There are 2 protein chains.
Amino acid sequence: MSRECLLIIGGVAAGMSAASRARKINARLEIVVLEKGEYVSYGTCGLPYYVGNQVRRPEELVVYTPEFFRRERNIDVRTGHEAVEIVPGQKRVRALRKGSQETVFQYDKLIVATGGAPATEIYGSDAANVFTCNDLAGAVALKEFMEKHRPRRAVIVGGGYIGLEVAEAFVANGMAVTVLERSGSALENLEPELSQKLEMRLEDAGVRLIKDAAVRAIAGSGGPPRMATVVEYGTSGSLDCDLVLLATGIVPRTELAREAGIRLGQTGAIAVDERMATNLPGIYAAGDCVETPHLVLGRPVYVPLGTTANKQGRVAGENAAGGNARFGGIVGTAVTKVFGLEIARTGLTAAEARAAGFLCDSVVLEHTSRARYFEGKRILLKMVFDRNSERLLGVQMLGEEGAGKRIDVAATALHAGMKIGQVAQLDLSYAPPVAPVWEALLIAANEALKKMRR
Amino acid sequence: MSRECLLIIGGVAAGMSAASRARKINARLEIVVLEKGEYVSYGTCGLPYYVGNQVRRPEELVVYTPEFFRRERNIDVRTGHEAVEIVPGQKRVRALRKGSQETVFQYDKLIVATGGAPATEIYGSDAANVFTCNDLAGAVALKEFMEKHRPRRAVIVGGGYIGLEVAEAFVANGMAVTVLERSGSALENLEPELSQKLEMRLEDAGVRLIKDAAVRAIAGSGGPPRMATVVEYGTSGSLDCDLVLLATGIVPRTELAREAGIRLGQTGAIAVDERMATNLPGIYAAGDCVETPHLVLGRPVYVPLGTTANKQGRVAGENAAGGNARFGGIVGTAVTKVFGLEIARTGLTAAEARAAGFLCDSVVLEHTSRARYFEGKRILLKMVFDRNSERLLGVQMLGEEGAGKRIDVAATALHAGMKIGQVAQLDLSYAPPVAPVWEALLIAANEALKKMRR
């Protein structure tokens with residue numbers, strides 16, 4: 001009798017976490033990973049720092065190579081293999097390899113980790129100097145272009161995490177940067193009080209941010225290859241450019257799954273249960289292609305992030321290998337550091353809370369990261385809470401130091417469903433070189449209590 | 001009818017927090033604070049940094065002056081007033097003022113915030129060059145002596161937080177430092193795995209640490225004033241010295257309370273309820289003179305810390321002024337930063353957990369504070385958990401960066417009574433410049449789960 005086979009489609013965060021975990025759980029399992037790109041197991045979140053030269057070679061972002069997986073973990077990684085069809089009835093996946101014939105892979109268990117794709121529908125975005133930074137191949141192409149052509153003027157479409165992180169990388173490369181943001185604020189869901197500080201910082205860094213600026217088209221000339229020369233936005237805006245980055249977010253890559261009869265959720269991403277199982281027996285899914293329960297909202301959301309992909313991949317791999325693990329969901333935690341500012345969030349913004357029907361209220365305050373004689377830095381904090389249940393709903397923080405990791409306390413409180421009164425009681429660490437005697441979060445909780453008692 | 005009067009004995013952290021909170025709750029209340037020292041409302045935890053010259057003038061440690069309290073908050077602060085008797089039957093406190101007659105203060109509500117006193121019973125410790133660093137007056141005397149006499153060899157009795165923090169201050173002043181620690185480890189309750197790293201760092205910094213070294217006597221010569229010249233320890237050890245610091249911890253200052261019939265708890269500190277009320281009607285207590293419920297142990301402990309004192313003072317002040325606040329207890333969180341190492345703890349150590357009857361187990365691991373291409377620093381973590389309930393019992397962390405504030409996540413999980421499986425699920429923030437994709441705490445939780453499932 002042949003060994004049972006686990007097939008995994010996708011070899012980045014979720015896929016390789018799943019493969020490694022499955023191997024730990026089951027030493028006999030045959031494990032095959034199909035990855036259409038050339039690299040596996042790399043940190044997508046590190047791509048902007050490769051563009052910005054903090055990371056010199058693409059290999060530095062790669063945690064393990066295909067050879068490592070084969071040699072050390074007996075995992076058969078097939079790069080350059082693009083899965084093109086899942087046939088659940090026959091437990092088969094058809095894959096294409098560049099310049100080669102179709103291969104058919106038989107599976108007993110399948111994990112779909114097809115990730116996300118750039119959410120891009122802009123006329124003219126096929127020009128040779130228009131890039132994305134969602135996978136390592138894209139980042140490598142972008143950097144090669146920068147090194148060869150030394151572009152001076154960059155237009156970034158989208159002022160989200162990737163957009164701003166690459167903006168910093170471009171500035172570090174001496175480029176003039178304009179960011180076109182469709183919504184009214186950089187980092188779309190940032191609270192207005194924090195947004196203001198971020199915008200000041202962008203201005204100080206010489207980055208031009210144009211808000212409420214939907215891109216109409218990218219005009220180009222020459223070619224082949226055709227080169228983008230102007231980005232048109234709004235009703236009549238236009239920007240000359242030598243390079244365009246599309247950073248408009250990602251959408252789940254679900255074609256394969258959908259066509260195979262795997263159910264999608266209301267967000268459009270693959271629906272899975274706590275065990276990361278899809279509706280089809282023996283088929284799991286994880287990472288940027290699935291939707292995830294939001295524990296504060298109480299419903300699934302699509303928030304593609306590296307940490308979540310790693311956790312989910314681990315759960316899918318364990319279960320596909322015969323174990324029994326569960327992924328509990330997220331509370332909406334995210335952080336970035338751009339131009340010296342750490343900007344972190346967890347839970348809901350006031351607008352999100354209102355939209356979800358909470359009777360929400362909020363407090364905003366600024367406090368210090370350490371005792372003032374240890375050069376404490378200011379942290380701006382907004383806390384959102386529910387006046388009905390008195391529960392914490394969300395926190396955002398922004399500052400030059402300590403805002404990022406401090407958000408984790410609020411995230412933990414959200415996991416526990418804490419009321420504001422409980423947050424105010426938290427026994428948090430204090431010593432002058434690392435913290436103020438009252439953490440901003442505790443002061444905010446006391447302010448929130450006062451507001452509720454009024 | 002005269003106004004109701006709130007009298008507070010003690011004007012440092014708990015006392016002044018209480019006074020300020022009482023004023024916010026009740027604008028009409030007469031509020032009088034008796035402080036036997038010259039300073040009020042200062043950060044005791046900052047004293048070692050005054051000795052080490054990060055803080056240049058004692059006034060910088062003072063948050064607000066007596067004049068500020070009088071002018072801005074209508075709080076009558078009497079410095080130089082030592083309360084010598086509480087007479088609950090007559091609602092009176094007798095106080096002495098240096099060079100003046102006894103004064104009697106009438107009260108309607110009383111808050112006892114008498115703090116702690118150095119736990120010192122060493123023969124010869126009355127010499128003129130033997131100091132403590134538990135209050136501002138002591139730190140000022142120590143620094144004056146250092147500036148005047150330029151001592152070269154310091155012996156520190158006690159390797160706890162204050163002992164090590166002042167050791168760093170002495171080294172910064174060019175002194176040769178020996179620390180005598182009675183127990184088998186610096187920071188007595190530090191896990192052995194972390195202790196080792198700390199001791200290596202002390203050695204690198206040129207600090208000599210002698211463990212299991214109980215001090216017998218301090219021998220002196222000359223005088224008056226008599227000067228300590230030799231510290232004798234163990235069975236036959238002796239150290240020449242120009243200066244001695246006693247940092248053997250503090251004990252609650254309870255004489256006044258005890259003599260007035262206020263009940264003490266099993267720890268020897270004043271027993272209070274959630275409202276910080278003592279057994280006597282109208283009398284509250286807060287800060288380093290009271291014992292505090294430990295939420296993991298489920299019983300009161302004596303852990304005198306600045307954050308706790310501030311929180312408790314706030315609660316006592318609110319209740320004494322007619323409000324209704326509660327202090328929920330602590331989980332045993334503490335942090336220090338010495339010689340570049342952040343050392344943090346929350347909950348129980350393995351030894352404490354065993355002593356408390358838990359079927360405890362632990363994992364130890366080292367991980368990074370950020371992505372390696374952002375020069376992440378190593379964090380050494382020990383996690384203690386209960387095999388019966390699968391609950392988290394405690395975490396300790398040590399590292400050059402980020403260990404201090406990361407402990408707060410574990411503290412929050414302890415407040416929520418989380419199981420290890422819940423800790424492993426926490427949605428913590430990730431971005432390469434501020435964190436690794438898997439936080440050390442999450443890896444530890446996964447390791448702990450594995451151990452429990454074996």
# chains A, B, ... in the order shown; residues from 1 in each chain; ligands from 1

call {"tool": "interface_residues", "arguments": {"of": "chain B", "to": "chain A", "cutoff": "8 Å", "atoms": "only C-alpha atoms", "output": "MDAnalysis selection string"}}
result
chainID B and resid 45:46 54:55 306:308 311 327:337 344 373:374 404:409 411:413 415:416 418 425:435 437:438

call {"tool": "residues_around", "arguments": {"residues": "region 268-273 of chain B", "least_positions_apart": "2", "cutoff": "9 Å", "atoms": "only C-alpha atoms", "output": "short mmCIF file (atom, residue, chain, number, x, y, z; two decimals) with all heavy atoms, in the first residue's frame"}}
result
data_model
loop_
_atom_site.label_atom_id
_atom_site.label_comp_id
_atom_site.auth_asym_id
_atom_site.auth_seq_id
_atom_site.Cartn_x
_atom_site.Cartn_y
_atom_site.Cartn_z
N VAL B 251 10.09 46.59 54.35
CA VAL B 251 9.00 45.98 55.11
C VAL B 251 7.92 47.05 55.30
O VAL B 251 8.23 48.25 55.32
CB VAL B 251 9.48 45.46 56.49
CG1 VAL B 251 10.41 44.27 56.30
CG2 VAL B 251 10.15 46.56 57.28
N PRO B 252 6.67 46.62 55.43
CA PRO B 252 5.61 47.62 55.56
C PRO B 252 5.74 48.39 56.88
O PRO B 252 6.07 47.83 57.91
CB PRO B 252 4.33 46.78 55.55
CG PRO B 252 4.76 45.40 55.93
CD PRO B 252 6.17 45.25 55.43
N ARG B 253 5.51 49.68 56.81
CA ARG B 253 5.55 50.54 58.00
C ARG B 253 4.15 50.51 58.62
O ARG B 253 3.25 51.22 58.15
CB ARG B 253 5.88 51.96 57.55
CG ARG B 253 6.96 52.64 58.33
CD ARG B 253 7.05 54.08 57.91
NE ARG B 253 8.00 54.31 56.82
CZ ARG B 253 9.30 54.56 57.01
NH1 ARG B 253 9.81 54.58 58.22
NH2 ARG B 253 10.07 54.78 55.96
N THR B 254 4.00 49.70 59.66
CA THR B 254 2.65 49.42 60.16
C THR B 254 2.45 49.79 61.63
O THR B 254 1.36 49.58 62.17
CB THR B 254 2.33 47.92 60.03
OG1 THR B 254 3.37 47.19 60.69
CG2 THR B 254 2.25 47.49 58.59
N ALA B 257 -0.56 51.98 62.46
CA ALA B 257 -1.82 51.30 62.17
C ALA B 257 -2.09 50.23 63.23
O ALA B 257 -3.19 50.14 63.79
CB ALA B 257 -1.77 50.68 60.78
N ARG B 258 -1.07 49.44 63.50
CA ARG B 258 -1.24 48.33 64.44
C ARG B 258 -1.65 48.84 65.82
O ARG B 258 -2.57 48.32 66.45
CB ARG B 258 0.07 47.54 64.52
CG ARG B 258 -0.09 46.14 65.06
CD ARG B 258 1.26 45.46 65.16
NE ARG B 258 2.17 46.21 65.99
CZ ARG B 258 3.40 46.59 65.63
NH1 ARG B 258 3.88 46.26 64.45
NH2 ARG B 258 4.15 47.29 66.46
N ILE B 262 -5.78 48.71 63.78
CA ILE B 262 -6.02 48.34 62.38
C ILE B 262 -5.43 46.95 62.16
O ILE B 262 -4.29 46.67 62.55
CB ILE B 262 -5.39 49.37 61.42
CG1 ILE B 262 -6.09 50.72 61.59
CG2 ILE B 262 -5.45 48.88 59.98
CD1 ILE B 262 -5.47 51.86 60.81
N ARG B 263 -6.21 46.09 61.55
CA ARG B 263 -5.81 44.70 61.41
C ARG B 263 -4.72 44.53 60.35
O ARG B 263 -4.80 45.09 59.26
CB ARG B 263 -7.03 43.85 61.02
CG ARG B 263 -6.83 42.35 61.21
CD ARG B 263 -8.14 41.60 61.05
NE ARG B 263 -8.63 41.63 59.68
CZ ARG B 263 -8.15 40.86 58.70
NH1 ARG B 263 -7.17 40.00 58.93
NH2 ARG B 263 -8.67 40.93 57.49
N LEU B 264 -3.71 43.73 60.69
CA LEU B 264 -2.69 43.38 59.71
C LEU B 264 -3.03 42.01 59.14
O LEU B 264 -3.69 41.20 59.78
CB LEU B 264 -1.30 43.34 60.37
CG LEU B 264 -0.86 44.59 61.13
CD1 LEU B 264 0.59 44.46 61.59
CD2 LEU B 264 -1.03 45.85 60.30
N GLY B 265 -2.57 41.74 57.93
CA GLY B 265 -2.79 40.44 57.32
C GLY B 265 -1.67 39.47 57.63
O GLY B 265 -0.76 39.78 58.42
N GLN B 266 -1.74 38.30 57.02
CA GLN B 266 -0.74 37.26 57.30
C GLN B 266 0.65 37.65 56.82
O GLN B 266 1.65 37.14 57.32
CB GLN B 266 -1.17 35.96 56.63
CG GLN B 266 -2.35 35.30 57.34
CD GLN B 266 -2.49 33.85 56.95
OE1 GLN B 266 -2.04 33.44 55.89
NE2 GLN B 266 -3.11 33.07 57.83
N ARG B 275 -12.04 47.77 48.38
CA ARG B 275 -12.21 49.23 48.37
C ARG B 275 -11.07 49.92 49.11
O ARG B 275 -11.10 51.10 49.34
CB ARG B 275 -13.57 49.61 48.98
CG ARG B 275 -14.76 48.95 48.21
CD ARG B 275 -16.08 49.35 48.80
NE ARG B 275 -16.43 50.73 48.50
CZ ARG B 275 -16.49 51.73 49.37
NH1 ARG B 275 -16.23 51.50 50.65
NH2 ARG B 275 -16.80 52.94 48.98
N MET B 276 -10.05 49.16 49.48
CA MET B 276 -8.89 49.65 50.23
C MET B 276 -9.31 50.10 51.64
O MET B 276 -8.61 50.90 52.27
CB MET B 276 -8.16 50.79 49.50
CG MET B 276 -7.71 50.47 48.08
SD MET B 276 -6.75 48.93 47.89
CE MET B 276 -5.27 49.28 48.80
N ALA B 277 -10.40 49.57 52.14
CA ALA B 277 -10.85 49.88 53.49
C ALA B 277 -10.20 48.92 54.49
O ALA B 277 -10.07 47.73 54.21
CB ALA B 277 -12.37 49.76 53.58
N THR B 278 -9.79 49.44 55.63
CA THR B 278 -9.28 48.59 56.70
C THR B 278 -10.46 48.08 57.53
O THR B 278 -11.62 48.35 57.20
CB THR B 278 -8.33 49.39 57.63
OG1 THR B 278 -9.12 50.35 58.35
CG2 THR B 278 -7.26 50.11 56.83
N ASN B 279 -10.16 47.38 58.60
CA ASN B 279 -11.23 46.88 59.47
C ASN B 279 -11.91 48.00 60.27
O ASN B 279 -13.02 47.82 60.76
CB ASN B 279 -10.68 45.82 60.44
CG ASN B 279 -9.61 46.39 61.35
OD1 ASN B 279 -8.69 47.08 60.89
ND2 ASN B 279 -9.71 46.12 62.64
N TYR B 284 -8.94 53.97 55.54
CA TYR B 284 -8.44 53.26 54.36
C TYR B 284 -6.92 53.17 54.44
O TYR B 284 -6.27 53.87 55.21
CB TYR B 284 -8.84 53.99 53.08
CG TYR B 284 -10.34 54.14 52.94
CD1 TYR B 284 -11.03 55.17 53.60
CD2 TYR B 284 -11.07 53.25 52.17
CE1 TYR B 284 -12.41 55.30 53.49
CE2 TYR B 284 -12.45 53.36 52.05
CZ TYR B 284 -13.11 54.39 52.72
OH TYR B 284 -14.47 54.51 52.60
N ALA B 285 -6.35 52.29 53.64
CA ALA B 285 -4.89 52.22 53.57
C ALA B 285 -4.50 51.84 52.15
O ALA B 285 -5.25 51.18 51.44
CB ALA B 285 -4.35 51.20 54.56
N ALA B 286 -3.31 52.28 51.72
CA ALA B 286 -2.88 52.05 50.34
C ALA B 286 -1.37 52.16 50.23
O ALA B 286 -0.72 52.82 51.03
CB ALA B 286 -3.55 53.07 49.41
N ASP B 288 2.71 50.95 49.89
CA ASP B 288 3.70 49.99 50.39
C ASP B 288 3.44 49.51 51.82
O ASP B 288 4.18 48.67 52.33
CB ASP B 288 5.11 50.61 50.34
CG ASP B 288 5.61 50.75 48.90
OD1 ASP B 288 4.88 50.36 47.98
OD2 ASP B 288 6.73 51.26 48.73
N CYS B 289 2.40 50.01 52.48
CA CYS B 289 2.08 49.54 53.82
C CYS B 289 0.98 48.47 53.83
O CYS B 289 0.67 47.91 54.88
CB CYS B 289 1.69 50.70 54.75
SG CYS B 289 0.24 51.62 54.20
N VAL B 290 0.40 48.15 52.66
CA VAL B 290 -0.70 47.17 52.64
C VAL B 290 -0.30 45.91 51.89
O VAL B 290 0.64 45.90 51.09
CB VAL B 290 -1.99 47.74 52.00
CG1 VAL B 290 -2.40 49.05 52.64
CG2 VAL B 290 -1.84 47.89 50.49
N GLU B 291 -1.05 44.84 52.14
CA GLU B 291 -0.89 43.63 51.34
C GLU B 291 -1.94 43.63 50.23
O GLU B 291 -2.94 44.34 50.31
CB GLU B 291 -0.98 42.37 52.21
CG GLU B 291 -2.29 42.21 52.95
CD GLU B 291 -2.33 40.93 53.80
OE1 GLU B 291 -1.26 40.51 54.31
OE2 GLU B 291 -3.42 40.35 53.93
N THR B 292 -1.70 42.83 49.22
CA THR B 292 -2.45 42.93 47.97
C THR B 292 -2.81 41.54 47.47
O THR B 292 -1.96 40.66 47.47
CB THR B 292 -1.57 43.65 46.92
OG1 THR B 292 -1.19 44.91 47.43
CG2 THR B 292 -2.29 43.82 45.61
N PRO B 300 -3.38 37.02 49.51
CA PRO B 300 -2.65 38.29 49.57
C PRO B 300 -1.14 38.08 49.66
O PRO B 300 -0.68 37.09 50.24
CB PRO B 300 -3.16 38.94 50.87
CG PRO B 300 -4.35 38.15 51.28
CD PRO B 300 -4.16 36.77 50.73
N VAL B 301 -0.40 38.99 49.06
CA VAL B 301 1.06 38.98 49.13
C VAL B 301 1.53 40.39 49.47
O VAL B 301 0.75 41.34 49.39
CB VAL B 301 1.68 38.56 47.78
CG1 VAL B 301 1.39 37.09 47.47
CG2 VAL B 301 1.17 39.45 46.64
N TYR B 302 2.79 40.49 49.87
CA TYR B 302 3.37 41.81 50.07
C TYR B 302 4.38 42.07 48.96
O TYR B 302 5.48 41.52 48.97
CB TYR B 302 4.04 41.92 51.44
CG TYR B 302 4.62 43.30 51.67
CD1 TYR B 302 3.79 44.41 51.72
CD2 TYR B 302 5.99 43.50 51.80
CE1 TYR B 302 4.30 45.68 51.91
CE2 TYR B 302 6.52 44.77 51.99
CZ TYR B 302 5.67 45.86 52.03
OH TYR B 302 6.17 47.13 52.20
N ARG B 326 -12.84 50.08 43.11
CA ARG B 326 -12.27 48.82 43.59
C ARG B 326 -10.89 48.60 42.99
O ARG B 326 -10.63 48.95 41.86
CB ARG B 326 -13.18 47.65 43.18
CG ARG B 326 -14.37 47.51 44.10
CD ARG B 326 -15.53 46.77 43.49
NE ARG B 326 -16.76 47.19 44.14
CZ ARG B 326 -17.15 46.73 45.34
NH1 ARG B 326 -16.43 45.84 45.98
NH2 ARG B 326 -18.26 47.18 45.89
N PHE B 327 -10.02 47.99 43.78
CA PHE B 327 -8.72 47.56 43.28
C PHE B 327 -8.72 46.04 43.21
O PHE B 327 -8.90 45.37 44.22
CB PHE B 327 -7.59 48.06 44.19
CG PHE B 327 -6.24 47.59 43.71
CD1 PHE B 327 -5.71 48.09 42.53
CD2 PHE B 327 -5.51 46.64 44.42
CE1 PHE B 327 -4.48 47.64 42.07
CE2 PHE B 327 -4.28 46.20 43.97
CZ PHE B 327 -3.76 46.70 42.79
#

call {"tool": "select_by_dssp", "arguments": {"residues": "region 87-273 of chain A", "states": "strand (DSSP E or B)", "output": "number ranges by chain"}}
result
A: 87, 92-97, 103-106, 109-112, 116-118, 123, 130-132, 153-157, 176-180, 208-210, 215-221, 227-233, 237-240, 243-246, 250-252, 264, 270

call {"tool": "atom_distance", "arguments": {"atom1": "CA of Thr103 (chain A)", "atom2": "CA of Ala316 (chain A)"}}
result
24.6 Å

call {"tool": "closest_residue", "arguments": {"among": "A:Gly158, A:Gly317, A:Gly323, A:Gly15", "to": "Tyr233 (chain A)", "atoms": "only C-alpha atoms"}}
result
A:Gly158

call {"tool": "residues_around", "arguments": {"residues": "region 75-84 of chain B", "least_positions_apart": "4", "cutoff": "7 Å", "atoms": "only C-alpha atoms", "output": "PyMOL selection string"}}
result
chain B and resi 9+31-38+66+69-70+93-98+256

call {"tool": "select_by_dssp", "arguments": {"residues": "region 17-175 of chain A", "states": "alpha helix (DSSP H)", "output": "PyMOL selection string"}}
result
chain A and resi 17-25+47-51+66-73+136-149+161-172

call {"tool": "residues_around", "arguments": {"residues": "region 179-189 of chain B", "least_positions_apart": "5", "cutoff": "6 Å", "atoms": "only C-alpha atoms", "output": "PDB file with N, CA and C atoms, in the first residue's frame"}}
result
ATOM      1  N   VAL B 155      30.170  48.596  48.686  1.00  0.00           N
ATOM      2  CA  VAL B 155      29.563  47.286  48.929  1.00  0.00           C
ATOM      3  C   VAL B 155      28.052  47.489  48.991  1.00  0.00           C
ATOM      4  N   ILE B 156      27.336  46.722  48.185  1.00  0.00           N
ATOM      5  CA  ILE B 156      25.878  46.796  48.183  1.00  0.00           C
ATOM      6  C   ILE B 156      25.351  45.539  48.848  1.00  0.00           C
ATOM      7  N   VAL B 157      24.570  45.719  49.871  1.00  0.00           N
ATOM      8  CA  VAL B 157      23.991  44.579  50.577  1.00  0.00           C
ATOM      9  C   VAL B 157      22.599  44.342  50.005  1.00  0.00           C
ATOM     10  N   GLY B 158      22.468  43.276  49.224  1.00  0.00           N
ATOM     11  CA  GLY B 158      21.176  42.978  48.597  1.00  0.00           C
ATOM     12  C   GLY B 158      21.239  43.138  47.088  1.00  0.00           C
ATOM     13  N   GLY B 159      20.967  42.072  46.354  1.00  0.00           N
ATOM     14  CA  GLY B 159      21.035  42.091  44.889  1.00  0.00           C
ATOM     15  C   GLY B 159      19.672  42.078  44.246  1.00  0.00           C
ATOM     16  N   GLY B 160      18.727  42.810  44.851  1.00  0.00           N
ATOM     17  CA  GLY B 160      17.394  42.937  44.252  1.00  0.00           C
ATOM     18  C   GLY B 160      17.370  44.071  43.236  1.00  0.00           C
ATOM     19  N   LEU B 209      29.583  39.872  42.092  1.00  0.00           N
ATOM     20  CA  LEU B 209      28.391  39.403  42.793  1.00  0.00           C
ATOM     21  C   LEU B 209      28.789  38.219  43.665  1.00  0.00           C
ATOM     22  N   ILE B 210      28.546  38.320  44.961  1.00  0.00           N
ATOM     23  CA  ILE B 210      28.804  37.194  45.857  1.00  0.00           C
ATOM     24  C   ILE B 210      27.450  36.701  46.366  1.00  0.00           C
ATOM     25  N   LYS B 211      27.132  35.443  46.024  1.00  0.00           N
ATOM     26  CA  LYS B 211      25.822  34.890  46.377  1.00  0.00           C
ATOM     27  C   LYS B 211      25.890  34.121  47.687  1.00  0.00           C
ATOM     28  N   ASP B 212      24.738  33.780  48.203  1.00  0.00           N
ATOM     29  CA  ASP B 212      24.645  33.048  49.473  1.00  0.00           C
ATOM     30  C   ASP B 212      25.497  33.729  50.540  1.00  0.00           C
ATOM     31  N   ALA B 213      25.469  35.036  50.500  1.00  0.00           N
ATOM     32  CA  ALA B 213      26.363  35.806  51.363  1.00  0.00           C
ATOM     33  C   ALA B 213      25.547  36.684  52.308  1.00  0.00           C
ATOM     34  N   ALA B 214      25.206  36.126  53.465  1.00  0.00           N
ATOM     35  CA  ALA B 214      24.493  36.898  54.477  1.00  0.00           C
ATOM     36  C   ALA B 214      25.484  37.794  55.197  1.00  0.00           C
TER      37      ALA B 214
END

call {"tool": "closest_residue", "arguments": {"among": "B:His367, B:Lys143, B:Lys109, B:Lys197", "to": "Val130 (chain B)", "atoms": "only C-alpha atoms"}}
result
B:Lys143

call {"tool": "atom_distance", "arguments": {"atom1": "CA of Asn53 (chain A)", "atom2": "CA of Thr368 (chain B)"}}
result
21.0 Å

call {"tool": "residues_around", "arguments": {"residues": "Glu318 (chain A)", "least_positions_apart": "5", "cutoff": "9 Å", "atoms": "only C-alpha atoms", "output": "tab-separated table (two decimals) with all heavy atoms, in the first residue's frame"}}
result
chain	number	residue	atom	x	y	z
A	18	ALA	N	2.15	24.84	6.85
A	18	ALA	CA	1.33	23.63	6.84
A	18	ALA	C	2.19	22.40	6.59
A	18	ALA	O	2.07	21.38	7.28
A	18	ALA	CB	0.23	23.75	5.78
A	19	ALA	N	3.07	22.50	5.59
A	19	ALA	CA	3.92	21.37	5.25
A	19	ALA	C	4.80	20.97	6.43
A	19	ALA	O	4.91	19.79	6.79
A	19	ALA	CB	4.78	21.72	4.03
A	21	ARG	N	4.41	21.62	9.62
A	21	ARG	CA	3.64	21.11	10.75
A	21	ARG	C	3.16	19.68	10.48
A	21	ARG	O	3.20	18.82	11.37
A	21	ARG	CB	2.44	22.02	11.01
A	21	ARG	CG	1.64	21.67	12.24
A	21	ARG	CD	2.46	21.88	13.49
A	21	ARG	NE	1.77	21.40	14.69
A	21	ARG	CZ	2.38	21.06	15.81
A	21	ARG	NH1	3.69	21.15	15.90
A	21	ARG	NH2	1.71	20.65	16.85
A	22	ALA	N	2.73	19.44	9.25
A	22	ALA	CA	2.25	18.10	8.90
A	22	ALA	C	3.37	17.08	9.08
A	22	ALA	O	3.16	15.97	9.59
A	22	ALA	CB	1.75	18.10	7.46
A	23	ARG	N	4.58	17.45	8.68
A	23	ARG	CA	5.71	16.55	8.83
A	23	ARG	C	5.95	16.21	10.31
A	23	ARG	O	6.24	15.06	10.65
A	23	ARG	CB	6.96	17.15	8.19
A	23	ARG	CG	8.23	16.37	8.40
A	23	ARG	CD	8.12	14.92	7.92
A	23	ARG	NE	8.05	14.79	6.48
A	23	ARG	CZ	7.15	14.00	5.85
A	23	ARG	NH1	6.27	13.29	6.54
A	23	ARG	NH2	7.13	13.93	4.54
A	24	LYS	N	5.84	17.24	11.17
A	24	LYS	CA	6.06	17.00	12.60
A	24	LYS	C	5.03	16.04	13.17
A	24	LYS	O	5.31	15.24	14.06
A	24	LYS	CB	6.02	18.32	13.39
A	24	LYS	CG	7.25	19.15	13.18
A	24	LYS	CD	7.69	19.84	14.46
A	24	LYS	CE	9.04	20.52	14.22
A	24	LYS	NZ	9.32	21.60	15.14
A	25	ILE	N	3.81	16.16	12.68
A	25	ILE	CA	2.72	15.35	13.20
A	25	ILE	C	2.80	13.92	12.66
A	25	ILE	O	2.47	12.95	13.34
A	25	ILE	CB	1.36	15.97	12.79
A	25	ILE	CG1	1.18	17.34	13.42
A	25	ILE	CG2	0.18	15.06	13.11
A	25	ILE	CD1	0.99	17.30	14.91
A	26	ASN	N	3.25	13.79	11.43
A	26	ASN	CA	3.18	12.50	10.75
A	26	ASN	C	4.45	12.27	9.93
A	26	ASN	O	4.63	12.87	8.87
A	26	ASN	CB	1.93	12.48	9.85
A	26	ASN	CG	1.68	11.10	9.24
A	26	ASN	OD1	2.60	10.31	9.06
A	26	ASN	ND2	0.41	10.84	8.93
A	313	GLY	N	-1.79	28.10	8.63
A	313	GLY	CA	-1.09	27.03	7.94
A	313	GLY	C	-0.72	25.90	8.91
A	313	GLY	O	-0.89	24.72	8.61
A	323	GLY	N	-3.94	15.26	12.90
A	323	GLY	CA	-4.03	15.85	14.24
A	323	GLY	C	-5.36	16.56	14.43
A	323	GLY	O	-6.30	16.38	13.65
A	324	ASN	N	-5.43	17.36	15.47
A	324	ASN	CA	-6.67	18.05	15.75
A	324	ASN	C	-6.37	19.41	16.36
A	324	ASN	O	-6.30	19.56	17.58
A	324	ASN	CB	-7.55	17.22	16.69
A	324	ASN	CG	-8.92	17.83	16.86
A	324	ASN	OD1	-9.31	18.70	16.08
A	324	ASN	ND2	-9.64	17.40	17.87
A	325	ALA	N	-6.20	20.40	15.50
A	325	ALA	CA	-5.89	21.74	15.97
A	325	ALA	C	-6.98	22.70	15.53
A	325	ALA	O	-7.74	22.41	14.60
A	325	ALA	CB	-4.54	22.19	15.40

call {"tool": "residues_around", "arguments": {"residues": "Asp361 (chain A)", "least_positions_apart": "3", "cutoff": "10 Å", "atoms": "only C-alpha atoms", "output": "number ranges by chain"}}
result
A: 350, 353-354, 358, 383-387, 390, 393, 448, 451-452

call {"tool": "closest_residue", "arguments": {"among": "B:Pro118, B:Gly11, B:Gly249, B:Gly89", "to": "Gly282 (chain B)", "atoms": "only C-alpha atoms"}}
result
B:Gly89

call {"tool": "atom_distance", "arguments": {"atom1": "CA of Val315 (chain B)", "atom2": "CA of Glu274 (chain B)"}}
result
8.8 Å

call {"tool": "residues_around", "arguments": {"residues": "Ile250 (chain B)", "least_positions_apart": "6", "cutoff": "6 Å", "atoms": "only C-alpha atoms", "output": "JSON, numbers by chain"}}
result
{"B": [116, 117, 118, 119]}
